[in-house]
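Q: This is structure_3.txt (compact mmCIF, C-alpha atoms and all ligand atoms).
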```
# COMPACT_ATOMS: atom_id res chain seq x y z
CA MET A 1 -9.56 47.05 -11.81
CA THR A 2 -9.08 43.71 -13.53
CA SER A 3 -7.11 42.90 -16.65
CA ILE A 4 -10.25 42.41 -18.69
CA ASP A 5 -11.43 45.98 -18.17
CA VAL A 6 -10.89 48.56 -20.87
CA ARG A 7 -7.74 50.45 -19.89
CA ASP A 8 -6.17 53.37 -21.75
CA GLY A 9 -8.95 53.04 -24.30
CA VAL A 10 -7.53 49.70 -25.49
CA PRO A 11 -10.18 46.94 -25.57
CA PRO A 12 -9.05 43.98 -23.44
CA VAL A 13 -9.13 41.57 -26.33
CA ASP A 14 -6.78 43.77 -28.34
CA ARG A 15 -4.41 44.10 -25.41
CA ALA A 16 -4.49 40.33 -24.85
CA ARG A 17 -3.79 39.69 -28.53
CA ARG A 18 -0.87 42.09 -28.50
CA GLU A 19 0.60 40.41 -25.41
CA TYR A 20 0.16 37.04 -27.05
CA ALA A 21 1.83 38.18 -30.27
CA GLU A 22 4.78 39.42 -28.21
CA LEU A 23 4.92 36.07 -26.41
CA ALA A 24 4.83 34.09 -29.64
CA ALA A 25 7.53 36.30 -31.15
CA ARG A 26 9.94 35.26 -28.39
CA GLY A 27 10.19 31.80 -29.96
CA LEU A 28 10.14 30.02 -26.59
CA ARG A 29 10.58 26.26 -26.35
CA LEU A 30 9.38 25.35 -22.89
CA ASP A 31 7.78 22.21 -21.50
CA LEU A 32 5.50 22.04 -18.47
CA THR A 33 4.34 18.47 -19.02
CA ARG A 34 7.02 16.45 -17.36
CA GLY A 35 6.28 15.32 -13.84
CA LYS A 36 9.80 14.13 -13.31
CA PRO A 37 12.75 15.17 -11.16
CA ALA A 38 15.09 17.85 -12.49
CA PRO A 39 18.78 16.97 -12.94
CA ASP A 40 19.76 18.80 -9.73
CA GLN A 41 17.34 16.59 -7.81
CA LEU A 42 18.87 13.48 -9.35
CA ASP A 43 22.31 14.82 -8.37
CA LEU A 44 21.23 14.49 -4.72
CA SER A 45 21.35 10.74 -5.25
CA ALA A 46 24.74 10.70 -6.97
CA GLY A 47 26.04 8.59 -4.06
CA LEU A 48 23.83 5.74 -5.21
CA LEU A 49 25.97 5.32 -8.31
CA GLU A 50 28.94 4.41 -6.11
CA LEU A 51 26.97 1.89 -4.04
CA PRO A 52 26.88 -0.84 -2.97
CA GLY A 53 30.60 -0.95 -3.76
CA PRO A 54 32.15 -4.21 -2.63
CA VAL A 55 29.29 -4.88 -0.19
CA TYR A 56 26.86 -7.49 -1.36
CA ARG A 57 25.45 -8.97 1.82
CA ALA A 58 22.19 -7.73 3.32
CA ALA A 59 21.85 -7.25 7.08
CA ASP A 60 20.59 -10.83 7.47
CA GLY A 61 23.55 -12.21 5.49
CA THR A 62 21.65 -12.67 2.22
CA ASP A 63 23.95 -12.63 -0.80
CA CYS A 64 22.22 -9.94 -2.86
CA ARG A 65 23.98 -11.03 -6.01
CA ASN A 66 21.97 -14.20 -6.22
CA TYR A 67 18.38 -15.20 -6.97
CA GLY A 68 15.70 -15.28 -4.30
CA GLY A 69 14.09 -13.12 -1.64
CA PRO A 70 10.72 -12.44 -3.28
CA ARG A 71 9.68 -10.06 -0.49
CA GLY A 72 12.66 -7.77 -1.04
CA LEU A 73 15.34 -6.69 1.43
CA PRO A 74 14.02 -6.37 4.99
CA GLU A 75 16.14 -3.30 5.80
CA LEU A 76 14.70 -1.33 2.88
CA ARG A 77 11.15 -2.41 3.66
CA GLU A 78 11.78 -1.25 7.23
CA ILE A 79 12.73 2.25 6.03
CA PHE A 80 9.53 2.66 3.99
CA SER A 81 7.19 0.89 6.39
CA GLY A 82 6.39 4.02 8.43
CA PRO A 83 6.02 6.44 5.52
CA LEU A 84 3.80 4.03 3.57
CA GLN A 85 1.89 2.98 6.70
CA VAL A 86 2.35 -0.73 6.06
CA PRO A 87 3.94 -3.08 8.66
CA ALA A 88 7.32 -4.12 7.25
CA ASP A 89 6.38 -7.82 7.16
CA ARG A 90 3.50 -6.97 4.84
CA LEU A 91 5.38 -4.50 2.64
CA LEU A 92 7.23 -5.95 -0.32
CA ALA A 93 10.09 -4.25 -2.17
CA ALA A 94 9.89 -5.19 -5.82
CA GLY A 95 11.13 -3.84 -9.15
CA ASN A 96 11.84 -0.31 -10.30
CA SER A 97 8.29 1.03 -10.55
CA SER A 98 5.02 1.18 -8.64
CA LEU A 99 3.05 1.72 -11.83
CA GLU A 100 4.05 -1.70 -13.08
CA LEU A 101 2.84 -3.19 -9.79
CA MET A 102 -0.55 -1.49 -10.14
CA HIS A 103 -0.77 -2.59 -13.74
CA ASP A 104 0.11 -6.15 -12.84
CA VAL A 105 -2.38 -6.30 -9.97
CA VAL A 106 -5.12 -5.29 -12.40
CA VAL A 107 -3.97 -7.87 -14.95
CA GLN A 108 -3.70 -10.61 -12.33
CA ALA A 109 -7.16 -9.73 -11.02
CA LEU A 110 -8.51 -10.05 -14.55
CA LEU A 111 -6.74 -13.36 -15.06
CA ALA A 112 -7.21 -14.93 -11.65
CA GLY A 113 -9.34 -12.73 -9.39
CA VAL A 114 -8.18 -11.43 -6.01
CA PRO A 115 -8.87 -12.93 -2.56
CA GLY A 116 -12.64 -12.87 -2.16
CA SER A 117 -13.45 -12.81 -5.89
CA PRO A 118 -16.40 -14.97 -6.89
CA ARG A 119 -14.78 -15.32 -10.32
CA ARG A 120 -11.94 -13.93 -12.41
CA TRP A 121 -12.55 -10.26 -13.22
CA ALA A 122 -12.24 -11.11 -16.92
CA GLU A 123 -15.32 -13.32 -16.56
CA GLU A 124 -17.45 -10.48 -15.26
CA GLU A 125 -19.82 -8.91 -17.73
CA ARG A 126 -18.57 -5.48 -16.74
CA VAL A 127 -15.72 -4.24 -14.56
CA ALA A 128 -15.67 -0.60 -13.49
CA PHE A 129 -13.36 1.57 -11.39
CA LEU A 130 -14.14 4.80 -9.59
CA CYS A 131 -11.76 7.48 -10.81
CA PRO A 132 -11.42 10.56 -8.63
CA VAL A 133 -11.01 13.56 -10.94
CA PRO A 134 -8.82 15.33 -11.63
CA GLY A 135 -6.53 12.32 -11.42
CA TYR A 136 -3.46 10.57 -12.79
CA ASP A 137 -3.65 9.76 -16.50
CA ARG A 138 -1.60 6.57 -16.24
CA HIS A 139 -4.12 5.06 -13.83
CA PHE A 140 -6.82 5.80 -16.36
CA ALA A 141 -4.69 4.38 -19.18
CA ILE A 142 -4.49 1.01 -17.38
CA CYS A 143 -8.28 0.85 -17.21
CA GLU A 144 -8.65 1.92 -20.81
CA ARG A 145 -6.18 -0.70 -22.02
CA TYR A 146 -8.08 -3.54 -20.34
CA GLY A 147 -11.61 -2.39 -21.05
CA ILE A 148 -12.35 -1.38 -17.46
CA GLU A 149 -15.09 1.22 -17.41
CA MET A 150 -14.18 4.43 -15.63
CA ILE A 151 -16.65 6.33 -13.48
CA PRO A 152 -15.48 9.81 -12.48
CA VAL A 153 -15.92 10.96 -8.90
CA PRO A 154 -15.12 14.61 -8.16
CA MET A 155 -12.33 15.55 -5.79
CA THR A 156 -13.37 17.95 -3.05
CA GLY A 157 -10.12 19.44 -1.74
CA ALA A 158 -9.83 16.68 0.88
CA GLY A 159 -10.14 13.61 -1.35
CA PRO A 160 -12.99 12.17 -3.39
CA ASP A 161 -16.64 13.05 -2.84
CA MET A 162 -17.50 10.16 -0.55
CA ASP A 163 -21.25 10.51 -0.92
CA ALA A 164 -20.79 9.78 -4.62
CA ALA A 165 -18.21 7.02 -4.04
CA GLU A 166 -20.42 5.27 -1.47
CA ARG A 167 -23.47 5.50 -3.70
CA LEU A 168 -21.67 4.12 -6.76
CA ALA A 169 -19.71 1.36 -5.00
CA GLY A 170 -22.72 0.38 -2.91
CA ALA A 171 -25.12 0.03 -5.81
CA ASP A 172 -23.15 -1.65 -8.57
CA PRO A 173 -21.34 -5.00 -8.19
CA ALA A 174 -19.36 -4.22 -11.36
CA VAL A 175 -17.51 -1.48 -9.44
CA LYS A 176 -14.39 -3.36 -8.37
CA GLY A 177 -12.00 -0.61 -7.44
CA ILE A 178 -11.02 2.99 -6.93
CA TRP A 179 -7.79 4.78 -7.80
CA CYS A 180 -6.49 6.94 -4.97
CA VAL A 181 -3.43 9.17 -4.66
CA PRO A 182 -4.09 9.97 -1.03
CA LYS A 183 -1.29 12.38 -0.21
CA TYR A 184 -0.46 15.46 -2.30
CA SER A 185 -2.60 14.01 -5.05
CA ASN A 186 -1.71 14.13 -8.73
CA PRO A 187 -2.57 16.76 -9.93
CA SER A 188 -4.49 18.80 -7.32
CA GLY A 189 -1.99 18.31 -4.49
CA GLU A 190 -4.75 17.65 -1.98
CA THR A 191 -4.50 15.11 0.85
CA TYR A 192 -7.37 12.86 1.88
CA GLY A 193 -9.04 13.86 5.12
CA ASP A 194 -9.40 11.40 8.01
CA ASP A 195 -13.12 11.13 7.42
CA VAL A 196 -12.57 10.21 3.76
CA VAL A 197 -10.11 7.46 4.72
CA ARG A 198 -12.51 6.10 7.31
CA ARG A 199 -15.44 6.11 4.90
CA LEU A 200 -13.38 4.36 2.21
CA ALA A 201 -12.57 1.62 4.71
CA GLU A 202 -16.10 1.33 6.05
CA MET A 203 -18.29 1.82 3.01
CA ARG A 204 -20.55 -0.96 1.81
CA THR A 205 -19.50 -2.22 -1.59
CA ALA A 206 -21.74 -4.33 -3.81
CA ALA A 207 -18.63 -6.16 -5.08
CA PRO A 208 -17.23 -8.54 -2.43
CA ASP A 209 -13.74 -8.14 -3.91
CA PHE A 210 -13.60 -4.35 -4.15
CA ARG A 211 -10.03 -2.97 -4.03
CA ILE A 212 -8.71 0.45 -3.12
CA PHE A 213 -5.55 1.12 -5.15
CA TRP A 214 -3.81 3.36 -2.62
CA ASP A 215 -1.05 4.90 -4.70
CA ASN A 216 0.92 6.77 -2.06
CA ALA A 217 3.46 8.02 -4.61
CA TYR A 218 4.10 11.27 -2.70
CA ALA A 219 4.14 9.94 0.86
CA VAL A 220 7.36 11.79 1.81
CA HIS A 221 7.33 14.61 -0.74
CA HIS A 222 6.56 17.55 1.51
CA LEU A 223 6.98 21.11 0.27
CA THR A 224 6.55 22.70 3.69
CA GLY A 225 7.87 22.11 7.19
CA GLU A 226 4.44 20.85 8.18
CA PRO A 227 3.86 17.47 6.55
CA ALA A 228 0.27 16.62 5.82
CA GLY A 229 -1.09 13.84 8.02
CA LEU A 230 -2.83 10.87 6.48
CA ALA A 231 -4.98 8.35 8.33
CA ASP A 232 -3.82 4.73 8.20
CA LEU A 233 -6.01 3.05 5.58
CA LEU A 234 -4.80 -0.50 6.17
CA ALA A 235 -5.56 -0.23 9.89
CA ALA A 236 -8.96 1.29 9.08
CA CYS A 237 -9.72 -1.57 6.68
CA ALA A 238 -8.66 -4.14 9.26
CA ALA A 239 -11.12 -2.56 11.69
CA GLY A 240 -13.68 -1.81 8.99
CA ALA A 241 -15.66 -3.67 6.38
CA ASP A 242 -12.93 -5.83 4.84
CA PRO A 243 -9.25 -6.22 5.84
CA ASP A 244 -8.39 -7.14 2.24
CA ARG A 245 -9.89 -4.04 0.68
CA ALA A 246 -6.72 -1.96 0.29
CA LEU A 247 -3.52 -2.43 -1.68
CA VAL A 248 -0.82 0.13 -0.94
CA PHE A 249 1.77 1.22 -3.52
CA GLY A 250 4.78 3.50 -3.42
CA SER A 251 8.23 3.91 -4.86
CA THR A 252 11.51 5.77 -4.66
CA SER A 253 11.11 7.06 -8.21
CA LYS A 254 10.85 10.65 -7.01
CA VAL A 255 13.02 10.08 -3.96
CA THR A 256 16.20 8.83 -5.61
CA LEU A 257 16.47 7.99 -9.30
CA ALA A 258 13.30 7.88 -11.39
CA GLY A 259 13.58 4.71 -13.46
CA ALA A 260 16.29 3.21 -11.26
CA GLY A 261 14.43 3.23 -7.97
CA VAL A 262 12.46 0.64 -6.04
CA GLY A 263 8.69 0.03 -6.10
CA PHE A 264 6.67 -1.20 -3.10
CA ILE A 265 3.40 -3.05 -2.66
CA GLY A 266 1.72 -3.87 0.64
CA GLY A 267 -1.53 -4.99 2.15
CA SER A 268 -3.29 -7.56 4.27
CA PRO A 269 -1.68 -11.00 4.80
CA ALA A 270 -4.15 -12.52 2.31
CA ASN A 271 -3.35 -9.93 -0.35
CA VAL A 272 0.41 -10.27 0.18
CA ASP A 273 0.25 -14.06 -0.08
CA TRP A 274 -1.90 -13.76 -3.19
CA TRP A 275 0.57 -11.37 -4.78
CA LEU A 276 3.63 -13.50 -3.90
CA ASP A 277 1.92 -16.51 -5.41
CA ARG A 278 0.99 -14.62 -8.59
CA VAL A 279 4.50 -13.22 -9.15
CA SER A 280 6.20 -16.48 -8.31
CA ARG A 281 5.72 -17.49 -11.94
CA ARG A 282 7.07 -14.22 -13.23
CA THR A 283 10.33 -13.72 -11.32
CA ILE A 284 12.82 -15.56 -9.14
CA GLY A 285 13.26 -12.46 -7.06
CA PRO A 286 13.74 -8.70 -7.36
CA ASP A 287 16.93 -6.71 -7.95
CA LYS A 288 18.34 -6.95 -4.44
CA VAL A 289 21.57 -5.18 -5.39
CA ASN A 290 19.56 -2.05 -6.16
CA GLN A 291 17.60 -2.50 -2.96
CA LEU A 292 20.83 -2.85 -0.97
CA ARG A 293 22.21 0.27 -2.65
CA HIS A 294 19.08 2.15 -1.57
CA ALA A 295 19.21 0.84 2.00
CA LEU A 296 22.88 1.83 2.34
CA PHE A 297 22.24 5.25 0.82
CA LEU A 298 19.12 6.19 2.81
CA ARG A 299 20.26 4.37 6.01
CA ASP A 300 16.98 4.66 7.94
CA GLU A 301 13.71 6.56 8.01
CA ALA A 302 15.42 9.67 9.40
CA GLY A 303 17.89 9.47 6.50
CA LEU A 304 14.99 9.29 4.06
CA HIS A 305 13.41 12.42 5.55
CA ASP A 306 16.78 14.25 5.49
CA HIS A 307 17.11 13.40 1.83
CA MET A 308 13.60 14.65 1.14
CA ARG A 309 14.39 17.92 2.95
CA ARG A 310 17.13 18.47 0.39
CA GLN A 311 14.67 17.71 -2.39
CA ARG A 312 12.31 20.25 -0.86
CA GLU A 313 14.99 22.96 -0.91
CA LEU A 314 15.20 22.52 -4.67
CA LEU A 315 11.46 22.21 -5.32
CA ARG A 316 9.99 24.80 -3.02
CA PRO A 317 11.31 27.83 -4.98
CA LYS A 318 9.70 26.41 -8.12
CA PHE A 319 6.26 25.94 -6.55
CA ASP A 320 6.58 29.38 -4.90
CA ALA A 321 7.38 30.93 -8.29
CA VAL A 322 4.29 29.35 -9.85
CA GLU A 323 2.10 30.67 -7.05
CA ARG A 324 3.65 34.14 -7.19
CA ILE A 325 3.31 34.49 -10.97
CA LEU A 326 -0.21 33.09 -11.17
CA ALA A 327 -1.31 35.39 -8.35
CA ALA A 328 0.30 38.43 -9.99
CA GLU A 329 -0.89 37.68 -13.51
CA LEU A 330 -4.27 36.05 -12.99
CA GLY A 331 -5.30 36.87 -9.41
CA GLY A 332 -8.55 38.83 -9.31
CA THR A 333 -9.27 38.40 -13.02
CA GLY A 334 -11.92 35.76 -12.46
CA LEU A 335 -10.22 33.80 -15.23
CA ALA A 336 -8.44 31.16 -13.17
CA SER A 337 -8.10 29.42 -9.87
CA TRP A 338 -5.39 27.01 -8.89
CA THR A 339 -4.35 24.69 -6.10
CA THR A 340 -1.46 25.46 -3.75
CA PRO A 341 -0.03 22.08 -2.87
CA ARG A 342 1.86 21.42 0.34
CA GLY A 343 3.67 18.55 -1.32
CA GLY A 344 3.92 16.33 -4.36
CA TYR A 345 4.79 17.18 -7.92
CA PHE A 346 1.84 18.96 -9.47
CA LEU A 347 -0.82 21.58 -9.22
CA ALA A 348 -4.11 21.98 -11.02
CA LEU A 349 -5.06 25.18 -12.82
CA GLU A 350 -8.76 25.72 -13.47
CA VAL A 351 -9.80 28.04 -16.26
CA PRO A 352 -13.35 29.02 -17.26
CA GLU A 353 -15.49 26.18 -18.52
CA GLY A 354 -14.82 25.30 -22.14
CA CYS A 355 -11.43 27.05 -22.23
CA ALA A 356 -8.77 24.52 -21.20
CA ARG A 357 -8.20 22.98 -24.63
CA GLU A 358 -7.94 26.38 -26.22
CA VAL A 359 -5.48 27.62 -23.60
CA VAL A 360 -3.32 24.54 -24.14
CA ARG A 361 -3.49 24.99 -27.90
CA ARG A 362 -2.54 28.67 -27.80
CA ALA A 363 0.29 27.95 -25.35
CA GLY A 364 1.60 25.20 -27.62
CA GLU A 365 1.58 27.57 -30.59
CA ALA A 366 3.60 30.03 -28.53
CA GLY A 367 6.18 27.34 -27.68
CA ILE A 368 4.92 26.34 -24.22
CA VAL A 369 3.97 22.67 -24.13
CA LEU A 370 1.33 21.79 -21.54
CA THR A 371 -0.18 18.43 -20.60
CA PRO A 372 -3.14 17.96 -22.98
CA ALA A 373 -6.35 19.30 -21.49
CA GLY A 374 -8.47 16.31 -20.56
CA ALA A 375 -5.51 14.13 -19.50
CA THR A 376 -6.63 14.54 -15.89
CA HIS A 377 -9.92 12.77 -16.66
CA PRO A 378 -10.94 9.27 -17.83
CA TYR A 379 -10.74 8.75 -21.59
CA GLY A 380 -8.85 12.05 -21.88
CA LYS A 381 -12.14 13.95 -21.67
CA ASP A 382 -12.73 16.66 -19.14
CA PRO A 383 -16.46 17.29 -19.65
CA ALA A 384 -16.14 20.86 -18.34
CA ASP A 385 -12.90 21.44 -20.30
CA ARG A 386 -11.51 23.38 -17.34
CA THR A 387 -8.53 21.61 -15.78
CA ILE A 388 -4.88 22.01 -16.77
CA ARG A 389 -2.17 20.05 -14.97
CA ILE A 390 1.01 21.95 -14.22
CA ALA A 391 4.24 20.09 -13.51
CA PRO A 392 6.78 22.60 -12.15
CA THR A 393 9.61 20.27 -11.16
CA PHE A 394 11.60 19.59 -14.31
CA PRO A 395 12.26 22.98 -15.96
CA SER A 396 14.95 25.28 -14.57
CA LEU A 397 13.59 28.15 -12.45
CA PRO A 398 14.02 30.78 -15.20
CA ASP A 399 12.33 28.51 -17.76
CA LEU A 400 9.52 27.74 -15.35
CA GLU A 401 8.97 31.44 -14.64
CA ALA A 402 8.84 32.23 -18.35
CA ALA A 403 6.46 29.34 -19.00
CA ILE A 404 4.01 30.29 -16.24
CA ALA A 405 4.04 33.95 -17.26
CA GLY A 406 3.40 32.84 -20.86
CA LEU A 407 0.62 30.53 -19.73
CA ALA A 408 -1.03 33.46 -17.96
CA VAL A 409 -0.90 35.43 -21.21
CA CYS A 410 -2.72 32.55 -22.93
CA VAL A 411 -5.37 32.35 -20.22
CA ARG A 412 -5.99 36.09 -20.53
CA LEU A 413 -6.16 35.83 -24.32
CA VAL A 414 -8.67 32.98 -24.33
CA GLY A 415 -10.69 34.66 -21.57
CA ALA A 416 -10.78 37.98 -23.43
CA GLU A 417 -11.70 36.34 -26.74
CA ARG A 418 -14.54 34.46 -25.05
CA ALA A 419 -15.77 37.66 -23.42
CA ALA A 420 -15.66 39.47 -26.77
CA THR A 421 -17.82 36.93 -28.61
N1 LIG B 1 1.73 7.26 -9.18
C1 LIG B 1 1.58 8.58 -9.31
C2 LIG B 1 0.44 9.26 -8.64
C3 LIG B 1 2.46 9.32 -10.08
O1 LIG B 1 2.29 10.64 -10.22
C4 LIG B 1 3.53 8.65 -10.72
C5 LIG B 1 4.46 9.38 -11.59
O2 LIG B 1 4.23 10.51 -11.98
C6 LIG B 1 3.66 7.26 -10.56
C7 LIG B 1 2.74 6.59 -9.78
C8 LIG B 1 4.75 6.48 -11.20
O3 LIG B 1 5.48 5.85 -10.22
P1 LIG B 1 6.63 4.81 -10.55
O4 LIG B 1 7.77 5.55 -11.12
O5 LIG B 1 6.92 4.21 -9.21
O6 LIG B 1 6.09 3.79 -11.51
```
Just give me the structure of the file as structure tokens.
Ligand code: PLP

A:
Amino acid sequence: MTSIDVRDGVPPVDRARREYAELAARGLRLDLTRGKPAPDQLDLSAGLLELPGPVYRAADGTDCRNYGGPRGLPELREIFSGPLQVPADRLLAAGNSSLELMHDVVVQALLAGVPGSPRRWAEEERVAFLCPVPGYDRHFAICERYGIEMIPVPMTGAGPDMDAAERLAGADPAVKGIWCVPKYSNPSGETYGDDVVRRLAEMRTAAPDFRIFWDNAYAVHHLTGEPAGLADLLAACAAGADPDRALVFGSTSKVTLAGAGVGFIGGSPANVDWWLDRVSRRTIGPDKVNQLRHALFLRDEAGLHDHMRRQRELLRPKFDAVERILAAELGGTGLASWTTPRGGYFLALEVPEGCAREVVRRAGEAGIVLTPAGATHPYGKDPADRTIRIAPTFPSLPDLEAAIAGLAVCVRLVGAERAAT
């Protein structure tokens, strides 16, 4: 028997309304929007605040206190080279954020073009990006800010629908790029399959300067003992249609201190030279003291993975709680499905078509703030009005449990009200 059947003579909609009234009466103030580390996760990096101490020389003798070193510290680039699948000599350690690097690449492409561009992107009549959906709202916000048209491509559970991506990129020279979060994607948690990576590298694009923005934000953020594998895009591009097609991004924002971490950008020699030339007018070098601090703290790639195992111990109970509560409260109702990520920071909840906004609204009125429905899609519009992004990391476990149980009440309410009309 499901929760929308008539039980004890009480019509489901009445029962759902009573549950909702009880929820609202609790006066909760909970927030499921924030995809950021919880304080106990940040505590794992407390040692960083003591570093680099009196040490200021990098392994090669560089005085980190001074200007220079546009590529970033070699020892830190070495640590992230494997996880980001970029040879260390083509991986640059930059400022405190990968998002700013992605933003700046787009702006520089508009202002100057990228290697292979027939003209500056700003001189094109139209510029469009493929946007796998559901996706990351801040990627979409960059496009929106600069008038780049966004073309949604559905995610399949193993990355974007490549038939659609190939068709769109192959037919339209205005399509200059695609946003990708290839591992433990935001928000579905899925990882791109080998075949998807290969097809991205090999597909014919009508634009000669097409770029894959490979935002590997969750490269080391495993929630299980079995890390998801990801094919090497840069190697596939080198062997495929265009060695310059991919730009790889990553950061330590959700490894160490969000906001005080280190961002990375990498790619082909031509792309790296292009980037170094573009930023040479903007900075005389990155914050090497912060990079040194990170290299001393993480030590090596094994140290990075050890640190992430400690992160996992804190995060896993939260993701397990979400799964347990959703399964208990919504399983078998036909009112919801959700992803069960093996890593990353998010999951996606799907409610019946046309219900997501209403669920978010009712939750908000009951004191549970959710990411606005639609945020997972270009222009903030989910045409099916189905997807809700859940960010379980920041709230405490008891708050998270209360919020997910309350969310389930809202889903049942909206579902029952729809069924009753
Ligand atoms: N990329 C993705 C997919 C994210 O989910 C986030 C943060 O939520 C970022 C980038 C932001 O990264 P950074 O802090 O390095 O700018």

Q: For ligand LIG 1 (chain B), which residue among A:Leu347, A:Ala405, A:Leu335, A:Ile325 is the nearest when counting all atoms listed in the file?

A: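 Closest candidate: A:Leu347.
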
Q: Set the cut-off to 10 Å, count only C-alpha atoms and all ligand atoms, and list whatever residues fall near ligand LIG 1 (chain B) as a PDB file with C-alpha atoms, in the coordinates of the input.

A:
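Output file part.pdb is given in full below:
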```
ATOM      1  CA  ARG A  34       7.020  16.450 -17.360  1.00  0.00           C
ATOM      2  CA  GLY A  35       6.280  15.320 -13.840  1.00  0.00           C
ATOM      3  CA  LYS A  36       9.800  14.130 -13.310  1.00  0.00           C
ATOM      4  CA  PRO A  37      12.750  15.170 -11.160  1.00  0.00           C
ATOM      5  CA  GLY A  95      11.130  -3.840  -9.150  1.00  0.00           C
ATOM      6  CA  ASN A  96      11.840  -0.310 -10.300  1.00  0.00           C
ATOM      7  CA  SER A  97       8.290   1.030 -10.550  1.00  0.00           C
ATOM      8  CA  SER A  98       5.020   1.180  -8.640  1.00  0.00           C
ATOM      9  CA  LEU A  99       3.050   1.720 -11.830  1.00  0.00           C
ATOM     10  CA  GLU A 100       4.050  -1.700 -13.080  1.00  0.00           C
ATOM     11  CA  LEU A 101       2.840  -3.190  -9.790  1.00  0.00           C
ATOM     12  CA  MET A 102      -0.550  -1.490 -10.140  1.00  0.00           C
ATOM     13  CA  HIS A 103      -0.770  -2.590 -13.740  1.00  0.00           C
ATOM     14  CA  GLY A 135      -6.530  12.320 -11.420  1.00  0.00           C
ATOM     15  CA  TYR A 136      -3.460  10.570 -12.790  1.00  0.00           C
ATOM     16  CA  ASP A 137      -3.650   9.760 -16.500  1.00  0.00           C
ATOM     17  CA  ARG A 138      -1.600   6.570 -16.240  1.00  0.00           C
ATOM     18  CA  HIS A 139      -4.120   5.060 -13.830  1.00  0.00           C
ATOM     19  CA  TRP A 179      -7.790   4.780  -7.800  1.00  0.00           C
ATOM     20  CA  CYS A 180      -6.490   6.940  -4.970  1.00  0.00           C
ATOM     21  CA  VAL A 181      -3.430   9.170  -4.660  1.00  0.00           C
ATOM     22  CA  PRO A 182      -4.090   9.970  -1.030  1.00  0.00           C
ATOM     23  CA  LYS A 183      -1.290  12.380  -0.210  1.00  0.00           C
ATOM     24  CA  TYR A 184      -0.460  15.460  -2.300  1.00  0.00           C
ATOM     25  CA  SER A 185      -2.600  14.010  -5.050  1.00  0.00           C
ATOM     26  CA  ASN A 186      -1.710  14.130  -8.730  1.00  0.00           C
ATOM     27  CA  PRO A 187      -2.570  16.760  -9.930  1.00  0.00           C
ATOM     28  CA  TRP A 214      -3.810   3.360  -2.620  1.00  0.00           C
ATOM     29  CA  ASP A 215      -1.050   4.900  -4.700  1.00  0.00           C
ATOM     30  CA  ASN A 216       0.920   6.770  -2.060  1.00  0.00           C
ATOM     31  CA  ALA A 217       3.460   8.020  -4.610  1.00  0.00           C
ATOM     32  CA  TYR A 218       4.100  11.270  -2.700  1.00  0.00           C
ATOM     33  CA  PHE A 249       1.770   1.220  -3.520  1.00  0.00           C
ATOM     34  CA  GLY A 250       4.780   3.500  -3.420  1.00  0.00           C
ATOM     35  CA  SER A 251       8.230   3.910  -4.860  1.00  0.00           C
ATOM     36  CA  THR A 252      11.510   5.770  -4.660  1.00  0.00           C
ATOM     37  CA  SER A 253      11.110   7.060  -8.210  1.00  0.00           C
ATOM     38  CA  LYS A 254      10.850  10.650  -7.010  1.00  0.00           C
ATOM     39  CA  VAL A 255      13.020  10.080  -3.960  1.00  0.00           C
ATOM     40  CA  LEU A 257      16.470   7.990  -9.300  1.00  0.00           C
ATOM     41  CA  ALA A 258      13.300   7.880 -11.390  1.00  0.00           C
ATOM     42  CA  GLY A 259      13.580   4.710 -13.460  1.00  0.00           C
ATOM     43  CA  ALA A 260      16.290   3.210 -11.260  1.00  0.00           C
ATOM     44  CA  GLY A 261      14.430   3.230  -7.970  1.00  0.00           C
ATOM     45  CA  VAL A 262      12.460   0.640  -6.040  1.00  0.00           C
ATOM     46  CA  GLY A 263       8.690   0.030  -6.100  1.00  0.00           C
ATOM     47  CA  PHE A 264       6.670  -1.200  -3.100  1.00  0.00           C
ATOM     48  CA  GLY A 344       3.920  16.330  -4.360  1.00  0.00           C
ATOM     49  CA  TYR A 345       4.790  17.180  -7.920  1.00  0.00           C
ATOM     50  CA  PHE A 346       1.840  18.960  -9.470  1.00  0.00           C
ATOM     51  CA  ALA A 391       4.240  20.090 -13.510  1.00  0.00           C
TER      52      ALA A 391
END
```

Q: Between A:Thr387, A:Ser337, A:Thr393, A:Gln291, which is the closest to A:Glu78 once you count all atoms listed in the file?

A: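 Among the listed residues, A:Gln291 lies closest to A:Glu78.
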
Q: List as JSON, numbers by chain the protein and nucleic acid residues near A:Leu234, meaning an atom at most 9 Å away when all atoms listed in the file are counted, but skip any in the same chain fewer than 2 places from it.

A: {"A": [85, 86, 201, 232, 236, 237, 238, 239, 243, 244, 245, 246, 247, 248, 267, 268]}

Q: Can you write out the residues you just picked, keeping C-alpha atoms, as an mmCIF file, in the frame of the given file?

A:
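Output below, filename selection33.cif:
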```cif
data_model
loop_
_atom_site.group_PDB
_atom_site.id
_atom_site.type_symbol
_atom_site.label_atom_id
_atom_site.label_comp_id
_atom_site.auth_asym_id
_atom_site.auth_seq_id
_atom_site.Cartn_x
_atom_site.Cartn_y
_atom_site.Cartn_z
ATOM 1 C CA GLN A 85 1.890 2.980 6.700
ATOM 2 C CA VAL A 86 2.350 -0.730 6.060
ATOM 3 C CA ALA A 201 -12.570 1.620 4.710
ATOM 4 C CA ASP A 232 -3.820 4.730 8.200
ATOM 5 C CA ALA A 236 -8.960 1.290 9.080
ATOM 6 C CA CYS A 237 -9.720 -1.570 6.680
ATOM 7 C CA ALA A 238 -8.660 -4.140 9.260
ATOM 8 C CA ALA A 239 -11.120 -2.560 11.690
ATOM 9 C CA PRO A 243 -9.250 -6.220 5.840
ATOM 10 C CA ASP A 244 -8.390 -7.140 2.240
ATOM 11 C CA ARG A 245 -9.890 -4.040 0.680
ATOM 12 C CA ALA A 246 -6.720 -1.960 0.290
ATOM 13 C CA LEU A 247 -3.520 -2.430 -1.680
ATOM 14 C CA VAL A 248 -0.820 0.130 -0.940
ATOM 15 C CA GLY A 267 -1.530 -4.990 2.150
ATOM 16 C CA SER A 268 -3.290 -7.560 4.270
#
```
